[in-house]
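Student: Quick one: the structure is below, and I'll ask about it shortly.
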Amino acid sequence: MGDMFRSEKMALCQLFIQPEAAYASIAELGEKGCVQFRDLNEEVSAFQRKYVNEVRRCDDMERRLRYVESEMKKDEVKLPVLRPEEEPIAPNPREIVDLEAQLEKTDNELREMSANGASLDANFRHMQELKYVLENTEGFFSDQEVINLDVNRKLDPEDPANLPGAAQRGQLAFVAGVIKLERFFSFERMLWRISRGNIFLRRADIDGLVADEETGRPVLKTVFVAFFQGEQLKQRIKKVCTGYHAAVYPCPSSHAERKEMIKDVNVRLEDLKLVLSQSADHRSRVLNSASKHLPRWSIMVRKMKAIYHILNFFNPDVTGKCLIGEGWVPTNDISTVQDALARASKISESSIPAFMNVIETNEMPPTYTRTNKFTNGFQNLVDSYGMASYREVNPALYACITFPFLFAVMFGDLGHGLILLLFASWLIIKEKQLSSIKEEIFNIFFGGRYIIFLMGIFSIYTGFIYNDVFSKSMNIFGSAWHMNYTRDVVEDENLKYITLRPNDTVYKTYPFGMDPIWQLADNKIIFLNTFKMKLSIIVGVIHMIFGVSMSVVNFAYYKKYASIFLEFLPQVLFLLLLFGYMVFMMFFKWVVYNDTVEGPLSPACAPSILILFINMILQGSQDTPEPCKEFMFDGQKSIQQVFVVVAIICIPWMLLGKPLYIMIKRKTNGAPPPKPQSGGGEGHGEDDEMGEIFIHQAIHTIEYVLSTVSHTASYLRLWALSLAHAQLSEVLWNMVFSMGFKYDSYIGGILIYVFFGAWALLTVGILVLIEGLSAFLHTLRLHWVEFMSKFYEGAGYAFEPFAFKTILDVSEDD
Amino acid sequence: MEVFLTIVFFTIFWAAVAKYGPILFTKQPHDDLVRCIFLLTAVVCWLFWLCCYLAQLNPLLGPKLNGNTIRIIASSWGNPIKEG
């Protein structure tokens, strides 16, 4: 596990690599993922870079891979899933040539087979259509002969004038073919028009769907025969057929010839079918053979392309004998990078080993926080608000506990916490299997499984303290409240309620958590509200004090010691003297006021802390009847006045302290001092105009003072959500599940079963999912705004190392 | 006295969690992350418990119960109603 207290130290490194070893070196660094390279050739266009040809070759290989993959998808060939340990390393130059040749061969083979297949398919379709024509026109010709006979029979053989007409009518011609069914009707109308009705058209539909030649989609087609007279009409009809994309087929008019032709067509169809089958087999074998290698090839090509892309960032030195690159490296990983370079030099048998220098720079390094699978989720929550400035204190370290804890304060219920815990445990136990799922919403939950796990554990703990299990309480240690009234009092019909008095009914304090009697009391909300409101303020103020204290760590690290006195001290004094004092009053009230004494410390005299606080600020007072006292302890008025005065003094202290210090320092130094080496934080403050510095500090001061008040109030959401969650849970129990308990005998049993189902669904759907999301978002806001605003700048940028793993993950998501 | 002992007990308990938790939990108990996590857990849990305990230490009002509830408590919690 890494140290998450602040981001890693980063070093700007210069790499000197022999050109022949450059490829292998970058390949090694890509596997490690420790270097974020800078582009030293930003002004050079992509097409003028040194390795543009190599990148083009990779593009070409990628194109071929995509083509082969699309062909596999068509044939539904399954690609094997590569396990992480099977992942290939980047290929070396000799392997590149082999790979290129292999890809070209496979690509060409597939394209050739596709073209041949298309040709064979077309032939097959034509033969089939011809067969349909020959088979379906049998009826047409029989009908025609009948018509001809009728016509002949009506003629008078003795009349010489009819002989030429009879001869002409006997000369009927025809055209036979296949056309799409959807086009047939307009085709028919067109033929009628061009022949002015002197045409006889017959049609027979082809059963089933036939592949369309142009698009390959299945369509309905029909066989047609057109009978007409005259050669001129024949030419026009053929033109129309061409225009309508109707395929015209030769068709003998005699029965015997048609029979012969059908036989011939069937033989050729069988031959074609055989050839097509063999072609399909061959194609299948080629695709299956390629599919075994395709995942490896894809990864290799992607790595190759990434390497050349990085090499284009490098500069050749003036002698042309080595390449110079620059990049950010975590200081802890410098030895790893050097080892990788040495290994690469050995692999490529370079005469001069590559080496790396650390360069001093004033630039702000990228921010890199080393995380593991547990801390990654929390770090993401913080980074969503803003990437930490370089070496700034990392709030994610503390968020590992404060985040689930604050969530649990709102969500506290032992039963609901158990549900969260079980779900998260399932995600964690099934980690390996589930990590391959790519669904987006599931990935959000999976990425946060450790957050959910801790939220579950802490909710169980706060559920114990609140003594709340699906809105019911457990009586483990025995209630502290005892019934002190007699039976006559209890059974008095005029008394609907009895309120126990603390003075004579409390025997001891319930040691762990809330006393179970409060769950049964009608004034539960009153009591719990006072408790939870105080709890919210106590937790909130401590959280904020912790946040302000973090700024000291930052100031010390960035060597801004003056800010400790000029910024941190007035800030923390302001917070402590006002709101820290309020917290003190809460504890004081809990401990000192009780129901066992008469006089100023009795419950009737217990003052409202809010009113006391307001009067403290506004120097007000209120009348208090005897024997009560206005103040909790002697001298409180004086102490409060001192606190208010000091707090008010802190405001101009924050406002003017730092600008005046800078002004004085500038006068003393004369010239502006050089920029600090770290380059981080408030570096711009050294050179700004004094006016801007004053304005900037004024904004900061106003923001801090106002936000101290509003953020304290903001933490009351801990009480509000806790109350809402508990009450919703109770409503669900009383309005849904309890309904099942009202009936006797078997019907009652069935109804309990039914109502439990409804209650369970609503509990998970509303109380765990929706309420859980609500509590999560409120917790997130309490961290981002209330806590981190006290010290966090978040002005950094992320360290994005050159890493094959990242590149491949991104590619898979596309 | 009993109050004092209870507070001491829970304080020692959570202090022990903070000190010995990392040792029991991992083979690298000196890792900063683990120590920070256990320390923060101990502090927040202790604080939460303490607030709840103190809130009930000197209650300023008592529970308001109806007759049925009182009778159920009497029979279920070993808290009998006195005769008279």
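Residue names in the structure tokens use chain letters A, B, ... in the order shown, residue numbers from 1 in each chain, and ligand numbers from 1 in the order shown.
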Can you pull out the residues contacting segment 60-67 of chain B? Cut-off 6 Å, using only C-alpha atoms, and skip same-chain residues under 4 positions away; I want them as a list in words.

Tutor: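 Residues near the query, excluding close chain neighbours: Lys496, Tyr497, Ile498, Thr499, Leu500, Arg501, Pro502, Ala521, Asp522, Asn523 and Pro603 of chain A.
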
Student: Produce a file of the selected residues containing all heavy atoms, as a PDB file, in the first residue's frame.

Tutor:
```pdb
ATOM      1  N   LYS A 496     -54.574   8.677  29.620  1.00  0.00           N
ATOM      2  CA  LYS A 496     -54.184   7.935  28.420  1.00  0.00           C
ATOM      3  C   LYS A 496     -52.686   7.693  28.372  1.00  0.00           C
ATOM      4  O   LYS A 496     -52.220   6.665  27.903  1.00  0.00           O
ATOM      5  CB  LYS A 496     -54.610   8.715  27.177  1.00  0.00           C
ATOM      6  CG  LYS A 496     -55.985   8.331  26.663  1.00  0.00           C
ATOM      7  CD  LYS A 496     -56.109   8.704  25.202  1.00  0.00           C
ATOM      8  CE  LYS A 496     -57.319   8.018  24.580  1.00  0.00           C
ATOM      9  NZ  LYS A 496     -57.469   8.340  23.159  1.00  0.00           N
ATOM     10  N   TYR A 497     -51.940   8.675  28.833  1.00  0.00           N
ATOM     11  CA  TYR A 497     -50.473   8.570  28.780  1.00  0.00           C
ATOM     12  C   TYR A 497     -49.889   8.817  30.147  1.00  0.00           C
ATOM     13  O   TYR A 497     -50.442   9.540  30.965  1.00  0.00           O
ATOM     14  CB  TYR A 497     -49.894   9.587  27.799  1.00  0.00           C
ATOM     15  CG  TYR A 497     -50.339   9.370  26.393  1.00  0.00           C
ATOM     16  CD1 TYR A 497     -51.388  10.114  25.855  1.00  0.00           C
ATOM     17  CD2 TYR A 497     -49.717   8.416  25.595  1.00  0.00           C
ATOM     18  CE1 TYR A 497     -51.800   9.902  24.552  1.00  0.00           C
ATOM     19  CE2 TYR A 497     -50.131   8.205  24.297  1.00  0.00           C
ATOM     20  CZ  TYR A 497     -51.176   8.952  23.786  1.00  0.00           C
ATOM     21  OH  TYR A 497     -51.593   8.751  22.505  1.00  0.00           O
ATOM     22  N   ILE A 498     -48.750   8.222  30.375  1.00  0.00           N
ATOM     23  CA  ILE A 498     -47.980   8.488  31.580  1.00  0.00           C
ATOM     24  C   ILE A 498     -46.572   8.852  31.149  1.00  0.00           C
ATOM     25  O   ILE A 498     -45.939   8.107  30.401  1.00  0.00           O
ATOM     26  CB  ILE A 498     -47.942   7.263  32.505  1.00  0.00           C
ATOM     27  CG1 ILE A 498     -49.343   7.009  33.073  1.00  0.00           C
ATOM     28  CG2 ILE A 498     -46.942   7.440  33.627  1.00  0.00           C
ATOM     29  CD1 ILE A 498     -49.425   5.773  33.925  1.00  0.00           C
ATOM     30  N   THR A 499     -46.107   9.989  31.617  1.00  0.00           N
ATOM     31  CA  THR A 499     -44.736  10.399  31.305  1.00  0.00           C
ATOM     32  C   THR A 499     -43.861  10.094  32.499  1.00  0.00           C
ATOM     33  O   THR A 499     -44.102  10.594  33.603  1.00  0.00           O
ATOM     34  CB  THR A 499     -44.676  11.899  30.985  1.00  0.00           C
ATOM     35  OG1 THR A 499     -45.538  12.161  29.885  1.00  0.00           O
ATOM     36  CG2 THR A 499     -43.259  12.311  30.623  1.00  0.00           C
ATOM     37  N   LEU A 500     -42.845   9.272  32.267  1.00  0.00           N
ATOM     38  CA  LEU A 500     -41.939   8.937  33.363  1.00  0.00           C
ATOM     39  C   LEU A 500     -41.063  10.140  33.662  1.00  0.00           C
ATOM     40  O   LEU A 500     -40.600  10.829  32.761  1.00  0.00           O
ATOM     41  CB  LEU A 500     -41.058   7.741  32.981  1.00  0.00           C
ATOM     42  CG  LEU A 500     -41.792   6.483  32.543  1.00  0.00           C
ATOM     43  CD1 LEU A 500     -40.806   5.337  32.394  1.00  0.00           C
ATOM     44  CD2 LEU A 500     -42.874   6.112  33.538  1.00  0.00           C
ATOM     45  N   ARG A 501     -40.825  10.336  34.938  1.00  0.00           N
ATOM     46  CA  ARG A 501     -39.974  11.446  35.334  1.00  0.00           C
ATOM     47  C   ARG A 501     -38.579  10.928  35.614  1.00  0.00           C
ATOM     48  O   ARG A 501     -38.402   9.958  36.338  1.00  0.00           O
ATOM     49  CB  ARG A 501     -40.531  12.115  36.583  1.00  0.00           C
ATOM     50  CG  ARG A 501     -39.767  13.387  36.884  1.00  0.00           C
ATOM     51  CD  ARG A 501     -40.310  14.128  38.058  1.00  0.00           C
ATOM     52  NE  ARG A 501     -39.339  15.142  38.456  1.00  0.00           N
ATOM     53  CZ  ARG A 501     -39.487  15.916  39.527  1.00  0.00           C
ATOM     54  NH1 ARG A 501     -40.569  15.774  40.291  1.00  0.00           N
ATOM     55  NH2 ARG A 501     -38.572  16.800  39.839  1.00  0.00           N
ATOM     56  N   PRO A 502     -37.552  11.581  35.022  1.00  0.00           N
ATOM     57  CA  PRO A 502     -36.190  11.059  35.208  1.00  0.00           C
ATOM     58  C   PRO A 502     -35.790  10.944  36.668  1.00  0.00           C
ATOM     59  O   PRO A 502     -35.040  10.052  37.052  1.00  0.00           O
ATOM     60  CB  PRO A 502     -35.317  12.091  34.488  1.00  0.00           C
ATOM     61  CG  PRO A 502     -36.220  12.734  33.512  1.00  0.00           C
ATOM     62  CD  PRO A 502     -37.588  12.730  34.116  1.00  0.00           C
ATOM     63  N   ALA A 521     -41.843   5.221  22.982  1.00  0.00           N
ATOM     64  CA  ALA A 521     -42.409   6.433  23.564  1.00  0.00           C
ATOM     65  C   ALA A 521     -43.071   7.284  22.493  1.00  0.00           C
ATOM     66  O   ALA A 521     -42.650   7.304  21.341  1.00  0.00           O
ATOM     67  CB  ALA A 521     -41.312   7.236  24.260  1.00  0.00           C
ATOM     68  N   ASP A 522     -44.115   8.003  22.919  1.00  0.00           N
ATOM     69  CA  ASP A 522     -44.801   8.885  21.980  1.00  0.00           C
ATOM     70  C   ASP A 522     -44.061  10.192  21.760  1.00  0.00           C
ATOM     71  O   ASP A 522     -44.307  10.873  20.769  1.00  0.00           O
ATOM     72  CB  ASP A 522     -46.219   9.171  22.484  1.00  0.00           C
ATOM     73  CG  ASP A 522     -47.130   7.997  22.228  1.00  0.00           C
ATOM     74  OD1 ASP A 522     -47.055   7.018  22.999  1.00  0.00           O
ATOM     75  OD2 ASP A 522     -47.892   8.044  21.245  1.00  0.00           O
ATOM     76  N   ASN A 523     -43.202  10.556  22.671  1.00  0.00           N
ATOM     77  CA  ASN A 523     -42.395  11.771  22.487  1.00  0.00           C
ATOM     78  C   ASN A 523     -40.979  11.432  22.057  1.00  0.00           C
ATOM     79  O   ASN A 523     -40.030  12.163  22.345  1.00  0.00           O
ATOM     80  CB  ASN A 523     -42.382  12.598  23.773  1.00  0.00           C
ATOM     81  CG  ASN A 523     -41.829  11.795  24.936  1.00  0.00           C
ATOM     82  OD1 ASN A 523     -41.668  10.582  24.856  1.00  0.00           O
ATOM     83  ND2 ASN A 523     -41.537  12.483  26.028  1.00  0.00           N
ATOM     84  N   PRO A 603     -34.124  20.519  35.060  1.00  0.00           N
ATOM     85  CA  PRO A 603     -34.517  20.556  33.643  1.00  0.00           C
ATOM     86  C   PRO A 603     -35.297  21.800  33.266  1.00  0.00           C
ATOM     87  O   PRO A 603     -35.135  22.325  32.163  1.00  0.00           O
ATOM     88  CB  PRO A 603     -35.372  19.294  33.489  1.00  0.00           C
ATOM     89  CG  PRO A 603     -34.896  18.381  34.533  1.00  0.00           C
ATOM     90  CD  PRO A 603     -34.514  19.249  35.695  1.00  0.00           C
TER      91      PRO A 603
END
```

Student: Please list as a count of residues only every residue within 12 Å of His783 of chain A, counting only C-alpha atoms and excluding residues in the same chain fewer than 5 positions away.

Tutor: 34

Student: Using only C-alpha atoms, find the residues of chain B whose closest atom to chain A is at most 10 Å away, then write them as a PyMOL selection string.

Tutor: chain B and resi 2-3+6-7+10+28+31-34+36-42+44-45+47-71+73-74+77-84

Student: Interatomic distance between atom CA of Val768 of chain A and atom CA of Arg449 of chain A?

Tutor: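 Those two atoms sit 15.1 Å apart.
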
Student: Neighbours of Leu751 of chain A within 12 Å (only C-alpha atoms; same-chain residues fewer than 4 positions away dropped), as a PDB file with N, CA, C and O atoms, in the first residue's frame?

Tutor:
```
ATOM      1  N   VAL A 736     -47.299  -1.202   6.268  1.00  0.00           N
ATOM      2  CA  VAL A 736     -47.226  -2.321   5.330  1.00  0.00           C
ATOM      3  C   VAL A 736     -47.124  -3.650   6.070  1.00  0.00           C
ATOM      4  O   VAL A 736     -48.055  -4.452   6.054  1.00  0.00           O
ATOM      5  N   PHE A 737     -46.017  -3.863   6.737  1.00  0.00           N
ATOM      6  CA  PHE A 737     -45.780  -5.180   7.313  1.00  0.00           C
ATOM      7  C   PHE A 737     -46.766  -5.490   8.436  1.00  0.00           C
ATOM      8  O   PHE A 737     -47.282  -6.602   8.555  1.00  0.00           O
ATOM      9  N   SER A 738     -47.053  -4.494   9.276  1.00  0.00           N
ATOM     10  CA  SER A 738     -47.948  -4.732  10.409  1.00  0.00           C
ATOM     11  C   SER A 738     -49.337  -5.167   9.972  1.00  0.00           C
ATOM     12  O   SER A 738     -50.051  -5.808  10.738  1.00  0.00           O
ATOM     13  N   MET A 739     -49.717  -4.818   8.755  1.00  0.00           N
ATOM     14  CA  MET A 739     -51.061  -5.200   8.301  1.00  0.00           C
ATOM     15  C   MET A 739     -51.244  -6.709   8.340  1.00  0.00           C
ATOM     16  O   MET A 739     -52.346  -7.216   8.535  1.00  0.00           O
ATOM     17  N   GLY A 740     -50.161  -7.436   8.147  1.00  0.00           N
ATOM     18  CA  GLY A 740     -50.261  -8.893   8.121  1.00  0.00           C
ATOM     19  C   GLY A 740     -50.526  -9.502   9.483  1.00  0.00           C
ATOM     20  O   GLY A 740     -50.954 -10.648   9.585  1.00  0.00           O
ATOM     21  N   PHE A 741     -50.268  -8.753  10.547  1.00  0.00           N
ATOM     22  CA  PHE A 741     -50.413  -9.319  11.889  1.00  0.00           C
ATOM     23  C   PHE A 741     -51.831  -9.211  12.421  1.00  0.00           C
ATOM     24  O   PHE A 741     -52.108  -9.665  13.526  1.00  0.00           O
ATOM     25  N   LYS A 742     -52.741  -8.614  11.655  1.00  0.00           N
ATOM     26  CA  LYS A 742     -54.059  -8.315  12.219  1.00  0.00           C
ATOM     27  C   LYS A 742     -55.052  -9.450  12.019  1.00  0.00           C
ATOM     28  O   LYS A 742     -56.178  -9.374  12.491  1.00  0.00           O
ATOM     29  N   TYR A 743     -54.668 -10.494  11.306  1.00  0.00           N
ATOM     30  CA  TYR A 743     -55.626 -11.556  11.003  1.00  0.00           C
ATOM     31  C   TYR A 743     -55.183 -12.849  11.656  1.00  0.00           C
ATOM     32  O   TYR A 743     -53.996 -13.095  11.858  1.00  0.00           O
ATOM     33  N   ASP A 744     -56.175 -13.693  11.964  1.00  0.00           N
ATOM     34  CA  ASP A 744     -55.876 -14.948  12.628  1.00  0.00           C
ATOM     35  C   ASP A 744     -55.838 -16.092  11.621  1.00  0.00           C
ATOM     36  O   ASP A 744     -56.087 -15.907  10.439  1.00  0.00           O
ATOM     37  N   SER A 745     -55.533 -17.248  12.121  1.00  0.00           N
ATOM     38  CA  SER A 745     -55.576 -18.536  11.406  1.00  0.00           C
ATOM     39  C   SER A 745     -54.743 -18.495  10.133  1.00  0.00           C
ATOM     40  O   SER A 745     -53.783 -17.758  10.021  1.00  0.00           O
ATOM     41  N   TYR A 746     -55.102 -19.316   9.181  1.00  0.00           N
ATOM     42  CA  TYR A 746     -54.265 -19.501   7.988  1.00  0.00           C
ATOM     43  C   TYR A 746     -54.217 -18.252   7.125  1.00  0.00           C
ATOM     44  O   TYR A 746     -53.214 -17.947   6.500  1.00  0.00           O
ATOM     45  N   ILE A 747     -55.333 -17.520   7.090  1.00  0.00           N
ATOM     46  CA  ILE A 747     -55.344 -16.296   6.279  1.00  0.00           C
ATOM     47  C   ILE A 747     -54.265 -15.334   6.759  1.00  0.00           C
ATOM     48  O   ILE A 747     -53.574 -14.700   5.969  1.00  0.00           O
ATOM     49  N   PHE A 755     -47.445  -9.560   2.714  1.00  0.00           N
ATOM     50  CA  PHE A 755     -47.030  -8.224   3.157  1.00  0.00           C
ATOM     51  C   PHE A 755     -45.521  -8.156   3.391  1.00  0.00           C
ATOM     52  O   PHE A 755     -44.909  -7.110   3.192  1.00  0.00           O
ATOM     53  N   PHE A 756     -44.943  -9.269   3.841  1.00  0.00           N
ATOM     54  CA  PHE A 756     -43.489  -9.259   3.989  1.00  0.00           C
ATOM     55  C   PHE A 756     -42.816  -9.011   2.643  1.00  0.00           C
ATOM     56  O   PHE A 756     -41.857  -8.238   2.550  1.00  0.00           O
ATOM     57  N   GLY A 757     -43.324  -9.668   1.601  1.00  0.00           N
ATOM     58  CA  GLY A 757     -42.742  -9.454   0.280  1.00  0.00           C
ATOM     59  C   GLY A 757     -42.801  -7.995  -0.132  1.00  0.00           C
ATOM     60  O   GLY A 757     -41.816  -7.414  -0.587  1.00  0.00           O
ATOM     61  N   ALA A 758     -43.982  -7.389   0.057  1.00  0.00           N
ATOM     62  CA  ALA A 758     -44.119  -5.975  -0.298  1.00  0.00           C
ATOM     63  C   ALA A 758     -43.188  -5.116   0.548  1.00  0.00           C
ATOM     64  O   ALA A 758     -42.507  -4.220   0.052  1.00  0.00           O
ATOM     65  N   TRP A 759     -43.177  -5.415   1.848  1.00  0.00           N
ATOM     66  CA  TRP A 759     -42.324  -4.638   2.748  1.00  0.00           C
ATOM     67  C   TRP A 759     -40.855  -4.780   2.387  1.00  0.00           C
ATOM     68  O   TRP A 759     -40.097  -3.805   2.397  1.00  0.00           O
TER      69      TRP A 759
END
```

Student: Give me, as a ChimeraX atom specification, all polymer residues having an atom no more than 12 Å from Ser119 of chain A, counting only C-alpha atoms and skipping those fewer than 4 positions away in the same chain.

Tutor: /A:112-115,123-126,213,272,275-276,279

Student: Work out how far apart atom CA of Leu12 of chain A and atom CA of Ser351 of chain A are and give it in Å to one decimal.

Tutor: 26.0 Å

Student: For Pro365 of chain A, find every residue with an atom within 9 Å (counting only C-alpha atoms), except residues of its own chain fewer than 2 positions away, and show them as a PDB file with C-alpha atoms, in the first residue's frame.

Tutor:
```pdb
ATOM      1  CA  LYS A   9       7.164  13.256  -5.543  1.00  0.00           C
ATOM      2  CA  MET A  10       7.628  13.690  -9.262  1.00  0.00           C
ATOM      3  CA  ALA A  11      10.822  14.246 -11.220  1.00  0.00           C
ATOM      4  CA  LEU A  12      11.202  15.643 -14.709  1.00  0.00           C
ATOM      5  CA  TRP A 328       7.491  13.033 -15.607  1.00  0.00           C
ATOM      6  CA  ASN A 362      10.153  25.284 -11.950  1.00  0.00           C
ATOM      7  CA  GLU A 363       7.202  23.754 -13.725  1.00  0.00           C
ATOM      8  CA  THR A 367      -0.318  14.973  -9.366  1.00  0.00           C
ATOM      9  CA  SER A 389      -2.229  20.500  -6.337  1.00  0.00           C
ATOM     10  CA  TYR A 390       1.191  18.900  -6.466  1.00  0.00           C
ATOM     11  CA  SER A 678       8.330  23.914  -5.821  1.00  0.00           C
ATOM     12  CA  GLY A 679       6.374  26.058  -8.202  1.00  0.00           C
ATOM     13  CA  GLY A 680       3.147  25.052  -6.537  1.00  0.00           C
ATOM     14  CA  GLY A 796      -3.343  20.305 -10.039  1.00  0.00           C
ATOM     15  CA  TYR A 797      -3.560  18.115 -13.108  1.00  0.00           C
ATOM     16  CA  PHE A 799      -0.499  12.212 -13.952  1.00  0.00           C
TER      17      PHE A 799
END
```

Student: Would you list the contacts of Gly197 of chain A as JSON, numbers by chain, taking every protein, DNA or RNA residue within 12 Å and counting only C-alpha atoms, but skipping same-chain residues closer than 5 positions in sequence?

Tutor: {"A": [188, 189, 190, 191, 192, 226, 227, 228, 229, 233]}

Student: Those same residues - N, CA, C and O atoms - I'd like them written as a compact mmCIF listing (two decimals), in the first residue's frame.

Tutor:
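What ended up in out.txt:
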```
# COMPACT_ATOMS: atom_id res chain seq x y z
N GLU A 188 -46.61 -3.81 -64.77
CA GLU A 188 -47.76 -4.24 -65.57
C GLU A 188 -48.42 -3.05 -66.26
O GLU A 188 -48.73 -3.08 -67.46
N ARG A 189 -48.62 -1.97 -65.48
CA ARG A 189 -49.26 -0.79 -66.07
C ARG A 189 -48.42 -0.21 -67.19
O ARG A 189 -48.95 0.23 -68.23
N MET A 190 -47.11 -0.19 -66.99
CA MET A 190 -46.23 0.35 -68.02
C MET A 190 -46.34 -0.45 -69.31
O MET A 190 -46.42 0.10 -70.43
N LEU A 191 -46.37 -1.80 -69.18
CA LEU A 191 -46.47 -2.64 -70.37
C LEU A 191 -47.79 -2.38 -71.10
O LEU A 191 -47.84 -2.32 -72.33
N TRP A 192 -48.85 -2.23 -70.33
CA TRP A 192 -50.15 -1.95 -70.98
C TRP A 192 -50.11 -0.66 -71.76
O TRP A 192 -50.65 -0.54 -72.86
N ALA A 226 -44.90 -12.47 -70.75
CA ALA A 226 -45.65 -11.48 -71.53
C ALA A 226 -45.81 -11.99 -72.97
O ALA A 226 -44.81 -12.25 -73.64
N PHE A 227 -47.06 -12.14 -73.41
CA PHE A 227 -47.34 -12.57 -74.79
C PHE A 227 -47.74 -11.35 -75.62
O PHE A 227 -48.51 -10.51 -75.14
N PHE A 228 -47.20 -11.26 -76.85
CA PHE A 228 -47.46 -10.09 -77.68
C PHE A 228 -47.25 -10.47 -79.16
O PHE A 228 -46.81 -11.57 -79.47
N GLN A 229 -47.56 -9.53 -80.05
CA GLN A 229 -47.32 -9.71 -81.49
C GLN A 229 -46.34 -8.67 -81.99
O GLN A 229 -46.40 -7.51 -81.60
N LEU A 233 -42.67 -4.48 -80.87
CA LEU A 233 -43.16 -4.49 -79.49
C LEU A 233 -42.20 -5.25 -78.57
O LEU A 233 -42.01 -4.89 -77.41
```

Student: I'd like to know which residues of segment 174-390 of chain A are alpha helix (DSSP H) (by DSSP, run on the backbone); could you write them as a VMD selection string?

Tutor: chain A and resid 181 to 194 231 to 243 255 to 311 334 to 347 376 to 385

Student: Using atom CA of Ala775 of chain A and atom CA of Glu793 of chain A as the two end points, give the distance in Å to one decimal.

Tutor: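 Computing it gives 25.4 Å between the two atoms.
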
Student: Could you pull out the strand (DSSP E or B) residues of chain B from DSSP and send them as a PDB file with C-alpha atoms, in the first residue's frame?

Tutor:
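Writing the result to out_32.pdb gives the following:
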```pdb
ATOM      1  CA  LYS B  64     -44.351   9.298  27.370  1.00  0.00           C
ATOM      2  CA  LEU B  65     -46.034   5.892  27.332  1.00  0.00           C
ATOM      3  CA  ASN B  66     -49.604   4.731  26.957  1.00  0.00           C
ATOM      4  CA  LYS B  82     -46.462  -2.320  41.766  1.00  0.00           C
TER       5      LYS B  82
END
```

Student: Which residues are near Ile428 of chain A? Cut-off 10 Å, only C-alpha atoms, ignore same chain within fewer than 3 positions. Put them as an MDAnalysis selection string.

Tutor: chainID A and resid 422:425 431:432 434:435 446 449:450 453

Student: Store the residues picked out above in a file with N, CA, C and O atoms, as a short mmCIF file (atom, residue, chain, number, x, y, z; two decimals), in the first residue's frame.

Tutor:
```cif
data_model
loop_
_atom_site.label_atom_id
_atom_site.label_comp_id
_atom_site.auth_asym_id
_atom_site.auth_seq_id
_atom_site.Cartn_x
_atom_site.Cartn_y
_atom_site.Cartn_z
N LEU A 422 -23.89 -7.07 2.98
CA LEU A 422 -23.99 -8.33 2.24
C LEU A 422 -23.78 -8.10 0.75
O LEU A 422 -23.08 -8.86 0.08
N PHE A 423 -24.38 -7.03 0.23
CA PHE A 423 -24.22 -6.74 -1.19
C PHE A 423 -22.76 -6.46 -1.52
O PHE A 423 -22.20 -6.99 -2.48
N ALA A 424 -22.12 -5.63 -0.69
CA ALA A 424 -20.72 -5.29 -0.95
C ALA A 424 -19.84 -6.52 -0.79
O ALA A 424 -18.87 -6.71 -1.54
N SER A 425 -20.16 -7.38 0.18
CA SER A 425 -19.36 -8.59 0.36
C SER A 425 -19.44 -9.48 -0.87
O SER A 425 -18.45 -10.06 -1.30
N GLU A 431 -15.03 -10.71 -6.86
CA GLU A 431 -14.29 -9.64 -7.53
C GLU A 431 -13.79 -10.04 -8.91
O GLU A 431 -13.97 -9.33 -9.89
N LYS A 432 -13.13 -11.19 -8.98
CA LYS A 432 -12.49 -11.57 -10.24
C LYS A 432 -13.52 -11.81 -11.34
O LYS A 432 -13.36 -11.36 -12.47
N LEU A 434 -16.62 -10.71 -11.53
CA LEU A 434 -17.44 -9.55 -11.86
C LEU A 434 -16.64 -8.46 -12.56
O LEU A 434 -17.22 -7.58 -13.18
N SER A 435 -15.32 -8.50 -12.44
CA SER A 435 -14.55 -7.38 -12.99
C SER A 435 -14.59 -7.36 -14.51
O SER A 435 -14.23 -6.37 -15.12
N PHE A 446 -19.61 -1.45 -8.77
CA PHE A 446 -18.46 -2.32 -8.57
C PHE A 446 -17.23 -1.51 -8.19
O PHE A 446 -16.45 -1.91 -7.32
N ARG A 449 -17.21 -0.71 -4.51
CA ARG A 449 -17.60 -1.80 -3.62
C ARG A 449 -16.98 -1.69 -2.23
O ARG A 449 -17.61 -2.07 -1.24
N TYR A 450 -15.77 -1.16 -2.14
CA TYR A 450 -15.18 -1.02 -0.81
C TYR A 450 -15.80 0.14 -0.05
O TYR A 450 -15.88 0.10 1.18
N PHE A 453 -18.91 -1.31 1.22
CA PHE A 453 -18.59 -2.24 2.30
C PHE A 453 -18.43 -1.48 3.61
O PHE A 453 -19.02 -1.85 4.64
#
```
